[in-house]
$ cat target.csv   # CSV, C-alpha atoms
chain,number,residue,atom,x,y,z
Q,1490,MET,CA,158.6,112.0,263.7
Q,1491,ALA,CA,155.3,110.3,264.1
Q,1492,PRO,CA,153.5,111.0,267.4
Q,1493,PRO,CA,153.2,108.0,269.8
Q,1494,PRO,CA,149.8,106.5,270.5
Q,1495,LEU,CA,147.6,108.5,272.8
Q,1496,ALA,CA,148.0,106.1,275.7
Q,1497,ALA,CA,151.8,106.4,275.6
Q,1498,ARG,CA,152.0,110.1,274.7
Q,1499,GLU,CA,152.9,111.4,278.2
Q,1500,ALA,CA,155.5,108.8,278.8
Q,1501,VAL,CA,157.2,109.5,275.5
Q,1502,ARG,CA,157.0,113.3,276.0
Q,1503,GLU,CA,158.6,112.9,279.4
Q,1504,LYS,CA,161.4,110.7,278.0
Q,1505,ARG,CA,162.2,113.0,275.1
Q,1506,LEU,CA,161.6,116.4,276.6
Q,1507,GLY,CA,161.9,116.0,280.4
Q,1508,ASP,CA,165.5,117.0,280.5
Q,1509,VAL,CA,164.8,120.3,278.9
Q,1510,TRP,CA,161.8,120.9,281.1
Q,1511,SER,CA,163.8,120.3,284.2
Q,1512,ASN,CA,167.2,121.9,283.3
Q,1513,GLU,CA,166.8,124.4,280.5
Q,1514,LEU,CA,163.4,126.1,280.4
Q,1515,ASN,CA,164.0,128.4,283.3
Q,1516,ASP,CA,167.0,129.9,281.5
Q,1517,VAL,CA,165.0,130.1,278.3
Q,1518,PHE,CA,162.1,132.1,279.9
Q,1519,ALA,CA,164.6,134.3,281.8
Q,1520,ASP,CA,166.1,135.1,278.4
Q,1521,VAL,CA,162.8,135.8,276.6
Q,1522,ALA,CA,160.9,137.6,279.4
Q,1523,PRO,CA,161.7,141.2,278.4
Q,1524,TYR,CA,160.5,140.7,274.8
Q,1525,TYR,CA,158.2,137.7,275.2
Q,1526,ASP,CA,155.0,139.5,274.1
Q,1527,ARG,CA,156.6,141.2,271.2
Q,1528,ALA,CA,158.2,138.0,270.0
Q,1529,ASN,CA,154.8,136.2,270.2
Q,1530,ASN,CA,153.2,138.9,268.1
Q,1531,ILE,CA,155.9,138.8,265.5
Q,1532,ALA,CA,155.7,135.0,265.3
Q,1533,ALA,CA,151.9,135.1,265.0
Q,1534,LEU,CA,152.2,137.7,262.2
Q,1535,GLY,CA,150.5,140.4,264.3
Q,1536,GLN,CA,147.6,138.1,265.4
Q,1537,PHE,CA,148.6,137.5,269.0
Q,1538,GLY,CA,146.2,140.1,270.2
Q,1539,ASN,CA,143.4,138.6,268.2
Q,1540,PHE,CA,144.1,135.2,269.7
Q,1541,LEU,CA,143.9,136.6,273.2
Q,1542,ARG,CA,140.6,138.4,272.5
Q,1543,ARG,CA,139.1,135.2,271.1
Q,1544,PHE,CA,140.2,133.3,274.1
Q,1545,MET,CA,138.7,135.9,276.4
Q,1546,GLN,CA,135.4,135.8,274.6
Q,1547,LEU,CA,135.0,132.2,275.6
Q,1548,VAL,CA,135.7,132.7,279.3
Q,1549,VAL,CA,132.5,133.1,281.3
Q,1550,LEU,CA,133.0,135.4,284.3
Q,1551,LYS,CA,130.9,136.7,287.2
Q,1552,PRO,CA,131.7,139.5,289.6
Q,1553,GLN,CA,133.8,138.6,292.6
Q,1554,GLN,CA,135.0,135.3,291.3
Q,1555,LYS,CA,138.3,133.8,292.2
Q,1556,VAL,CA,140.4,133.0,289.1
Q,1557,LEU,CA,143.8,131.2,288.7
Q,1558,ASP,CA,145.9,131.8,285.6
Q,1559,VAL,CA,148.4,128.9,285.4
Q,1560,CYS,CA,151.7,129.5,283.7
Q,1561,ALA,CA,150.8,133.1,283.7
Q,1562,GLY,CA,154.0,134.4,282.2
Q,1563,THR,CA,153.7,138.2,281.7
Q,1564,ASN,CA,150.1,138.3,283.0
Q,1565,ALA,CA,148.5,138.9,279.6
Q,1566,ILE,CA,145.5,136.7,280.7
Q,1567,GLY,CA,145.2,138.2,284.1
Q,1568,ILE,CA,145.2,141.7,282.8
Q,1569,ALA,CA,142.7,140.9,280.1
Q,1570,LEU,CA,140.4,139.3,282.7
Q,1571,LEU,CA,140.5,142.3,285.0
Q,1572,LYS,CA,139.8,144.6,282.2
Q,1573,ARG,CA,136.6,142.6,281.6
Q,1574,GLU,CA,135.7,142.3,285.3
Q,1575,PRO,CA,137.6,144.5,287.7
Q,1576,THR,CA,136.1,142.8,290.8
Q,1577,LEU,CA,137.8,139.5,290.2
Q,1578,ASP,CA,140.3,138.0,292.6
Q,1579,VAL,CA,143.0,137.0,290.2
Q,1580,HIS,CA,145.9,134.7,291.1
Q,1581,ALA,CA,148.9,134.0,288.7
Q,1582,MET,CA,151.3,131.1,289.0
Q,1583,ASP,CA,154.4,130.5,287.0
Q,1584,ARG,CA,157.8,128.9,287.5
Q,1585,SER,CA,159.7,131.8,286.1
Q,1586,VAL,CA,160.6,134.7,288.4
Q,1587,ALA,CA,161.7,136.8,285.4
Q,1588,MET,CA,158.4,136.3,283.5
Q,1589,GLN,CA,156.3,137.2,286.6
Q,1590,THR,CA,158.5,140.2,287.3
Q,1591,VAL,CA,157.6,141.6,283.9
Q,1592,GLY,CA,154.0,140.5,284.4
Q,1593,GLN,CA,153.7,142.3,287.8
Q,1594,GLN,CA,155.2,145.4,286.3
Q,1595,ARG,CA,152.7,145.3,283.4
Q,1596,ALA,CA,149.7,144.8,285.8
Q,1597,ALA,CA,150.8,147.6,288.1
Q,1598,ALA,CA,151.3,150.0,285.2
Q,1599,GLN,CA,147.6,149.5,284.4
Q,1600,GLY,CA,146.4,149.8,287.9
Q,1601,PHE,CA,145.6,146.1,288.5
Q,1602,GLN,CA,146.6,143.8,291.4
Q,1603,ILE,CA,147.4,140.2,290.5
Q,1604,LYS,CA,148.5,137.8,293.3
Q,1605,SER,CA,151.6,136.1,292.1
Q,1606,THR,CA,152.9,132.6,293.2
Q,1607,ILE,CA,156.2,131.3,291.9
Q,1608,GLY,CA,156.5,127.5,291.8
Q,1609,ASP,CA,155.9,124.2,290.0
Q,1610,VAL,CA,152.5,124.2,288.4
Q,1611,HIS,CA,152.4,120.4,288.5
Q,1612,VAL,CA,151.7,120.7,292.2
Q,1613,LEU,CA,149.4,123.7,292.8
Q,1614,PRO,CA,149.7,125.1,296.3
Q,1615,PHE,CA,146.0,125.8,296.7
Q,1616,PRO,CA,143.2,124.0,298.5
Q,1617,ASP,CA,140.7,121.7,296.8
Q,1618,ASN,CA,137.6,123.3,295.4
Q,1619,HIS,CA,139.1,126.8,295.6
Q,1620,PHE,CA,138.7,128.6,292.2
Q,1621,ASP,CA,135.7,129.4,290.1
Q,1622,VAL,CA,137.8,129.7,286.9
Q,1623,VAL,CA,141.2,128.4,285.8
Q,1624,THR,CA,143.0,129.5,282.6
Q,1625,LEU,CA,146.1,128.2,280.9
Q,1626,GLN,CA,147.4,129.6,277.6
Q,1627,PHE,CA,150.4,128.8,275.4
Q,1628,ALA,CA,152.2,126.6,278.0
Q,1629,SER,CA,150.9,123.0,277.9
Q,1630,ARG,CA,153.5,121.9,275.4
Q,1631,HIS,CA,156.1,122.4,278.1
Q,1632,LEU,CA,154.2,120.6,280.8
Q,1633,ARG,CA,153.3,117.1,282.0
Q,1634,VAL,CA,149.8,117.6,280.8
Q,1635,ARG,CA,147.9,114.9,282.7
Q,1636,GLU,CA,149.5,116.0,286.0
Q,1637,VAL,CA,148.7,119.7,285.5
Q,1638,PHE,CA,145.1,119.1,284.2
Q,1639,THR,CA,144.5,116.8,287.2
Q,1640,GLU,CA,145.7,119.5,289.6
Q,1641,VAL,CA,143.5,122.1,287.8
Q,1642,LEU,CA,140.5,119.8,288.3
Q,1643,ARG,CA,141.3,119.5,292.0
Q,1644,VAL,CA,141.5,123.2,292.7
Q,1645,LEU,CA,138.4,124.1,290.7
Q,1646,LYS,CA,135.1,124.4,292.6
Q,1647,PRO,CA,132.4,121.9,291.5
Q,1648,GLY,CA,130.9,123.5,288.4
Q,1649,GLY,CA,134.0,125.6,287.9
Q,1650,HIS,CA,135.3,126.2,284.4
Q,1651,PHE,CA,138.8,125.4,282.9
Q,1652,HIS,CA,139.8,127.4,279.8
Q,1653,HIS,CA,142.8,126.3,277.8
Q,1654,SER,CA,144.5,127.6,274.7
Q,1655,ASP,CA,147.6,126.4,272.9
Q,1656,MET,CA,149.3,125.6,269.7
Q,1657,LEU,CA,148.3,122.1,268.7
Q,1658,ARG,CA,149.5,119.4,266.3
Q,1659,PRO,CA,147.3,119.7,263.2
Q,1660,ARG,CA,145.5,116.5,262.2
Q,1661,ASN,CA,145.9,117.0,258.5
Q,1662,PRO,CA,149.4,116.0,257.4
Q,1663,ILE,CA,149.6,118.6,254.6
Q,1664,VAL,CA,148.6,121.4,257.0
Q,1665,LYS,CA,151.1,120.0,259.6
Q,1666,ASN,CA,154.0,120.0,257.2
Q,1667,LEU,CA,153.3,123.6,256.0
Q,1668,TYR,CA,152.9,124.7,259.6
Q,1669,TYR,CA,156.2,123.2,260.7
Q,1670,THR,CA,158.0,124.6,257.7
Q,1671,TYR,CA,156.7,128.1,258.7
Q,1672,LEU,CA,157.7,127.6,262.3
Q,1673,ARG,CA,161.3,126.6,261.4
Q,1674,SER,CA,161.8,129.8,259.5
Q,1675,CYS,CA,159.8,131.9,261.9
Q,1676,LEU,CA,161.7,130.9,265.0
Q,1677,GLY,CA,165.0,131.9,263.5
Q,1678,ILE,CA,163.7,135.2,262.0
Q,1679,THR,CA,161.9,136.2,265.2
Q,1680,GLY,CA,165.0,135.5,267.2
Q,1681,LEU,CA,167.1,137.8,265.0
Q,1682,ILE,CA,164.5,140.6,265.2
Q,1683,VAL,CA,164.2,140.6,269.0
Q,1684,GLY,CA,167.8,139.7,269.7
Q,1685,SER,CA,167.3,136.3,271.4
Q,1686,GLY,CA,170.0,135.2,273.8
Q,1687,PRO,CA,171.9,131.9,273.7
Q,1688,ALA,CA,169.4,129.9,275.8
Q,1689,ALA,CA,166.5,130.8,273.5
Q,1690,VAL,CA,168.5,130.2,270.3
Q,1691,LYS,CA,169.6,126.8,271.6
Q,1692,ALA,CA,166.0,125.8,272.4
Q,1693,LYS,CA,164.7,126.3,268.8
Q,1694,GLN,CA,164.7,122.6,268.0
Q,1695,TYR,CA,163.1,121.8,271.3
Q,1696,PHE,CA,160.1,124.0,270.5
Q,1697,LEU,CA,159.5,122.1,267.2
Q,1698,ASP,CA,159.9,118.7,269.0
Q,1699,ALA,CA,157.5,119.8,271.7
Q,1700,LEU,CA,154.8,120.6,269.2
Q,1701,GLU,CA,155.4,117.4,267.2
Q,1702,LEU,CA,154.9,115.3,270.3
Q,1703,PHE,CA,151.8,117.3,271.5
Q,1704,TYR,CA,148.1,116.7,271.0
Q,1705,THR,CA,145.6,117.4,268.3
Q,1706,ALA,CA,142.5,119.2,269.3
Q,1707,GLU,CA,140.5,116.0,269.3
Q,1708,GLU,CA,143.1,114.1,271.4
Q,1709,LEU,CA,143.3,116.9,274.0
Q,1710,SER,CA,139.5,116.7,274.3
Q,1711,ILE,CA,139.7,113.0,274.9
Q,1712,LEU,CA,142.4,113.5,277.6
Q,1713,LEU,CA,140.2,116.1,279.4
Q,1714,ARG,CA,137.2,113.7,279.5
Q,1715,GLU,CA,139.4,110.8,280.7
Q,1716,LEU,CA,140.6,112.9,283.6
Q,1717,GLY,CA,137.0,113.6,284.7
Q,1718,TYR,CA,136.0,116.9,283.1
Q,1719,VAL,CA,132.6,117.3,281.5
Q,1720,GLU,CA,131.0,119.6,278.9
Q,1721,VAL,CA,134.3,119.5,277.0
Q,1722,ALA,CA,134.2,121.6,273.9
Q,1723,VAL,CA,136.9,123.0,271.5
Q,1724,ASP,CA,137.1,125.7,268.8
Q,1725,THR,CA,140.1,125.7,266.4
Q,1726,VAL,CA,141.6,128.1,264.0
Q,1727,PHE,CA,143.9,127.6,261.0
Q,1728,HIS,CA,142.9,124.0,260.5
Q,1729,GLY,CA,143.7,122.9,264.0
Q,1730,MET,CA,147.0,124.8,264.5
Q,1731,LEU,CA,145.5,126.6,267.5
Q,1732,GLY,CA,142.8,125.4,269.8
Q,1733,PHE,CA,140.5,126.9,272.5
Q,1734,HIS,CA,139.3,124.2,274.9
Q,1735,ARG,CA,136.5,124.7,277.5
Q,1736,ALA,CA,135.8,122.1,280.3
Q,1737,VAL,CA,133.8,121.9,283.5
Q,1738,LYS,CA,134.4,120.2,286.8
Q,1739,PRO,CA,131.4,118.0,287.6
Q,1740,THR,CA,129.2,119.3,290.4
Q,1741,ALA,CA,129.3,115.9,292.0
Q,1742,GLY,CA,132.6,114.2,291.3
Q,1743,PRO,CA,136.4,114.5,291.9
$ encode --input "target.csv" --output "structure tokens"
Amino acid sequence: MAPPPLAAREAVREKRLGDVWSNELNDVFADVAPYYDRANNIAALGQFGNFLRRFMQLVVLKPQQKVLDVCAGTNAIGIALLKREPTLDVHAMDRSVAMQTVGQQRAAAQGFQIKSTIGDVHVLPFPDNHFDVVTLQFASRHLRVREVFTEVLRVLKPGGHFHHSDMLRPRNPIVKNLYYTYLRSCLGITGLIVGSGPAAVKAKQYFLDALELFYTAEELSILLRELGYVEVAVDTVFHGMLGFHRAVKPTAGP
């Protein structure tokens, strides 16, 4: 399917994917929580750790900062942040109790404390101008992006940094077709290897549709600027299949 124009993208995503977001994703992530990290690494051909390290290299940190990881899942980001700077005050928010249960176990096993909040990330339960850094990795395809990015901007302190990473829709049609062909095969094979349950198996087509209706690296940069972020920059790998965005809340602004 051809992606809708940028101005209509969120409305079309909501229409086509909203039912899955509201009624099925909790079951999917409850299913995949025990093997989520292993499945990601298999699907990424063993490169998941490298993607995480690259993301971490772009995150600027200072001692004692307050950090929020949105859609924290199994706390891979929070743990990596604390390994870099143990004095951080790290908060994790996710809608999935199952994913955060695994994440809290992982953090505790390594001696880290991450403050967990379960809830809808479209309405962040934190005050304005509260966090120095907000991170969000591998989840935006499942979100109402404008709503979440607006909330992130609200809770960031003026001058605070937003770091985002996700699979993106490649701009080059040849690359895009090769990418989607790989993903169709990969999702099935990975599911067999890790023993995916019915909810995850059923959602295989959804994951492909969510990517097809998502943004290119350039489009996501435009969206961030439209929402009021400044100093927006992006690095991509694999010809735009994966992007690492950085953006700043203005020191005088929203």
$ residues_around --input "target.csv" --residues "Ser1654 in chain Q" --least-positions-apart "3" --cutoff "7 Å" --atoms "all atoms listed in the file" --output "list of chain:residue names"
Q:Leu1625, Q:Gln1626, Q:Phe1627, Q:Gly1732, Q:Phe1733, Q:His1734
$ closest_residue --input "target.csv" --among "Q:Pro1575, Q:Gly1649, Q:Pro1523, Q:Gly1608" --to "Thr1624 in chain Q" --atoms "all atoms listed in the file"
Q:Gly1649
$ closest_residue --input "target.csv" --among "Q:Ala1596, Q:Met1588, Q:Ala1741, Q:Val1622" --to "Lys1551 in chain Q" --atoms "all atoms listed in the file"
Q:Val1622
$ closest_residue --input "target.csv" --among "Q:Ser1605, Q:Met1656, Q:Gln1593, Q:Cys1560" --to "Val1641 in chain Q" --atoms "only C-alpha atoms"
Q:Cys1560
$ closest_residue --input "target.csv" --among "Q:Leu1506, Q:Leu1731, Q:Ala1597, Q:Leu1716" --to "Leu1657 in chain Q" --atoms "only C-alpha atoms"
Q:Leu1731
$ atom_distance --input "target.csv" --atom1 "CA of Val1719 in chain Q" --atom2 "CA of Ala1736 in chain Q"
5.9 Å
$ atom_distance --input "target.csv" --atom1 "CA of Val1548 in chain Q" --atom2 "CA of Arg1735 in chain Q"
8.2 Å
$ residues_around --input "target.csv" --residues "Thr1606 in chain Q" --least-positions-apart "2" --cutoff "8 Å" --atoms "only C-alpha atoms" --output "PyMOL selection string"
chain Q and resi 1580-1583+1604+1608
$ atom_distance --input "target.csv" --atom1 "CA of Ile1607 in chain Q" --atom2 "CA of Ala1706 in chain Q"
29.1 Å
$ closest_residue --input "target.csv" --among "Q:Val1612, Q:Val1726, Q:Val1664, Q:Val1579" --to "Leu1642 in chain Q" --atoms "only C-alpha atoms"
Q:Val1612
$ build_atoms --input "target.csv" --residues "range 1578-1601 of chain Q" --atoms "N, CA, C and O atoms" --output "PDB file, in the frame of the given file"
ATOM      1  N   ASP Q1578     139.135 138.299 291.800  1.00  0.00           N
ATOM      2  CA  ASP Q1578     140.300 138.000 292.600  1.00  0.00           C
ATOM      3  C   ASP Q1578     141.218 137.120 291.794  1.00  0.00           C
ATOM      4  O   ASP Q1578     141.010 135.906 291.703  1.00  0.00           O
ATOM      5  N   VAL Q1579     142.229 137.719 291.149  1.00  0.00           N
ATOM      6  CA  VAL Q1579     143.000 137.000 290.200  1.00  0.00           C
ATOM      7  C   VAL Q1579     144.377 136.587 290.778  1.00  0.00           C
ATOM      8  O   VAL Q1579     145.107 137.402 291.349  1.00  0.00           O
ATOM      9  N   HIS Q1580     144.678 135.297 290.630  1.00  0.00           N
ATOM     10  CA  HIS Q1580     145.900 134.700 291.100  1.00  0.00           C
ATOM     11  C   HIS Q1580     146.720 134.262 289.834  1.00  0.00           C
ATOM     12  O   HIS Q1580     146.134 133.694 288.899  1.00  0.00           O
ATOM     13  N   ALA Q1581     148.023 134.479 289.838  1.00  0.00           N
ATOM     14  CA  ALA Q1581     148.900 134.000 288.700  1.00  0.00           C
ATOM     15  C   ALA Q1581     149.959 133.124 289.296  1.00  0.00           C
ATOM     16  O   ALA Q1581     150.573 133.427 290.317  1.00  0.00           O
ATOM     17  N   MET Q1582     150.185 132.003 288.602  1.00  0.00           N
ATOM     18  CA  MET Q1582     151.300 131.100 289.000  1.00  0.00           C
ATOM     19  C   MET Q1582     152.147 130.770 287.834  1.00  0.00           C
ATOM     20  O   MET Q1582     151.674 130.480 286.735  1.00  0.00           O
ATOM     21  N   ASP Q1583     153.458 130.833 288.063  1.00  0.00           N
ATOM     22  CA  ASP Q1583     154.400 130.500 287.000  1.00  0.00           C
ATOM     23  C   ASP Q1583     155.727 130.105 287.679  1.00  0.00           C
ATOM     24  O   ASP Q1583     156.009 130.478 288.825  1.00  0.00           O
ATOM     25  N   ARG Q1584     156.524 129.333 286.958  1.00  0.00           N
ATOM     26  CA  ARG Q1584     157.800 128.900 287.500  1.00  0.00           C
ATOM     27  C   ARG Q1584     158.902 129.929 287.333  1.00  0.00           C
ATOM     28  O   ARG Q1584     159.947 129.863 287.979  1.00  0.00           O
ATOM     29  N   SER Q1585     158.683 130.903 286.444  1.00  0.00           N
ATOM     30  CA  SER Q1585     159.700 131.800 286.100  1.00  0.00           C
ATOM     31  C   SER Q1585     159.584 133.164 286.848  1.00  0.00           C
ATOM     32  O   SER Q1585     158.626 133.915 286.648  1.00  0.00           O
ATOM     33  N   VAL Q1586     160.563 133.452 287.678  1.00  0.00           N
ATOM     34  CA  VAL Q1586     160.600 134.700 288.400  1.00  0.00           C
ATOM     35  C   VAL Q1586     160.686 135.876 287.381  1.00  0.00           C
ATOM     36  O   VAL Q1586     160.022 136.913 287.518  1.00  0.00           O
ATOM     37  N   ALA Q1587     161.505 135.694 286.343  1.00  0.00           N
ATOM     38  CA  ALA Q1587     161.700 136.800 285.400  1.00  0.00           C
ATOM     39  C   ALA Q1587     160.408 137.104 284.636  1.00  0.00           C
ATOM     40  O   ALA Q1587     160.082 138.281 284.435  1.00  0.00           O
ATOM     41  N   MET Q1588     159.657 136.088 284.240  1.00  0.00           N
ATOM     42  CA  MET Q1588     158.400 136.300 283.500  1.00  0.00           C
ATOM     43  C   MET Q1588     157.389 137.023 284.431  1.00  0.00           C
ATOM     44  O   MET Q1588     156.706 137.974 284.027  1.00  0.00           O
ATOM     45  N   GLN Q1589     157.280 136.567 285.688  1.00  0.00           N
ATOM     46  CA  GLN Q1589     156.300 137.200 286.600  1.00  0.00           C
ATOM     47  C   GLN Q1589     156.740 138.589 287.016  1.00  0.00           C
ATOM     48  O   GLN Q1589     155.889 139.442 287.281  1.00  0.00           O
ATOM     49  N   THR Q1590     158.029 138.851 287.052  1.00  0.00           N
ATOM     50  CA  THR Q1590     158.500 140.200 287.300  1.00  0.00           C
ATOM     51  C   THR Q1590     157.981 141.167 286.265  1.00  0.00           C
ATOM     52  O   THR Q1590     157.439 142.243 286.566  1.00  0.00           O
ATOM     53  N   VAL Q1591     158.124 140.755 285.006  1.00  0.00           N
ATOM     54  CA  VAL Q1591     157.600 141.600 283.900  1.00  0.00           C
ATOM     55  C   VAL Q1591     156.078 141.658 284.015  1.00  0.00           C
ATOM     56  O   VAL Q1591     155.485 142.729 283.847  1.00  0.00           O
ATOM     57  N   GLY Q1592     155.432 140.540 284.334  1.00  0.00           N
ATOM     58  CA  GLY Q1592     154.000 140.500 284.400  1.00  0.00           C
ATOM     59  C   GLY Q1592     153.447 141.418 285.544  1.00  0.00           C
ATOM     60  O   GLY Q1592     152.427 142.105 285.365  1.00  0.00           O
ATOM     61  N   GLN Q1593     154.118 141.421 286.677  1.00  0.00           N
ATOM     62  CA  GLN Q1593     153.700 142.300 287.800  1.00  0.00           C
ATOM     63  C   GLN Q1593     153.886 143.759 287.429  1.00  0.00           C
ATOM     64  O   GLN Q1593     153.052 144.609 287.790  1.00  0.00           O
ATOM     65  N   GLN Q1594     154.944 144.066 286.729  1.00  0.00           N
ATOM     66  CA  GLN Q1594     155.200 145.400 286.300  1.00  0.00           C
ATOM     67  C   GLN Q1594     154.075 145.870 285.306  1.00  0.00           C
ATOM     68  O   GLN Q1594     153.568 146.999 285.388  1.00  0.00           O
ATOM     69  N   ARG Q1595     153.708 144.995 284.408  1.00  0.00           N
ATOM     70  CA  ARG Q1595     152.700 145.300 283.400  1.00  0.00           C
ATOM     71  C   ARG Q1595     151.323 145.536 284.125  1.00  0.00           C
ATOM     72  O   ARG Q1595     150.589 146.470 283.804  1.00  0.00           O
ATOM     73  N   ALA Q1596     150.994 144.658 285.077  1.00  0.00           N
ATOM     74  CA  ALA Q1596     149.700 144.800 285.800  1.00  0.00           C
ATOM     75  C   ALA Q1596     149.680 146.093 286.592  1.00  0.00           C
ATOM     76  O   ALA Q1596     148.691 146.843 286.552  1.00  0.00           O
ATOM     77  N   ALA Q1597     150.755 146.381 287.319  1.00  0.00           N
ATOM     78  CA  ALA Q1597     150.800 147.600 288.100  1.00  0.00           C
ATOM     79  C   ALA Q1597     150.698 148.843 287.296  1.00  0.00           C
ATOM     80  O   ALA Q1597     150.053 149.828 287.694  1.00  0.00           O
ATOM     81  N   ALA Q1598     151.317 148.818 286.126  1.00  0.00           N
ATOM     82  CA  ALA Q1598     151.300 150.000 285.200  1.00  0.00           C
ATOM     83  C   ALA Q1598     149.866 150.310 284.785  1.00  0.00           C
ATOM     84  O   ALA Q1598     149.565 151.452 284.438  1.00  0.00           O
ATOM     85  N   GLN Q1599     148.993 149.291 284.792  1.00  0.00           N
ATOM     86  CA  GLN Q1599     147.600 149.500 284.400  1.00  0.00           C
ATOM     87  C   GLN Q1599     146.641 149.565 285.558  1.00  0.00           C
ATOM     88  O   GLN Q1599     145.427 149.575 285.381  1.00  0.00           O
ATOM     89  N   GLY Q1600     147.218 149.599 286.751  1.00  0.00           N
ATOM     90  CA  GLY Q1600     146.400 149.800 287.900  1.00  0.00           C
ATOM     91  C   GLY Q1600     145.727 148.508 288.445  1.00  0.00           C
ATOM     92  O   GLY Q1600     144.763 148.577 289.214  1.00  0.00           O
ATOM     93  N   PHE Q1601     146.252 147.322 288.054  1.00  0.00           N
ATOM     94  CA  PHE Q1601     145.600 146.100 288.500  1.00  0.00           C
ATOM     95  C   PHE Q1601     146.519 145.346 289.483  1.00  0.00           C
ATOM     96  O   PHE Q1601     147.746 145.416 289.433  1.00  0.00           O
TER      97      PHE Q1601
END
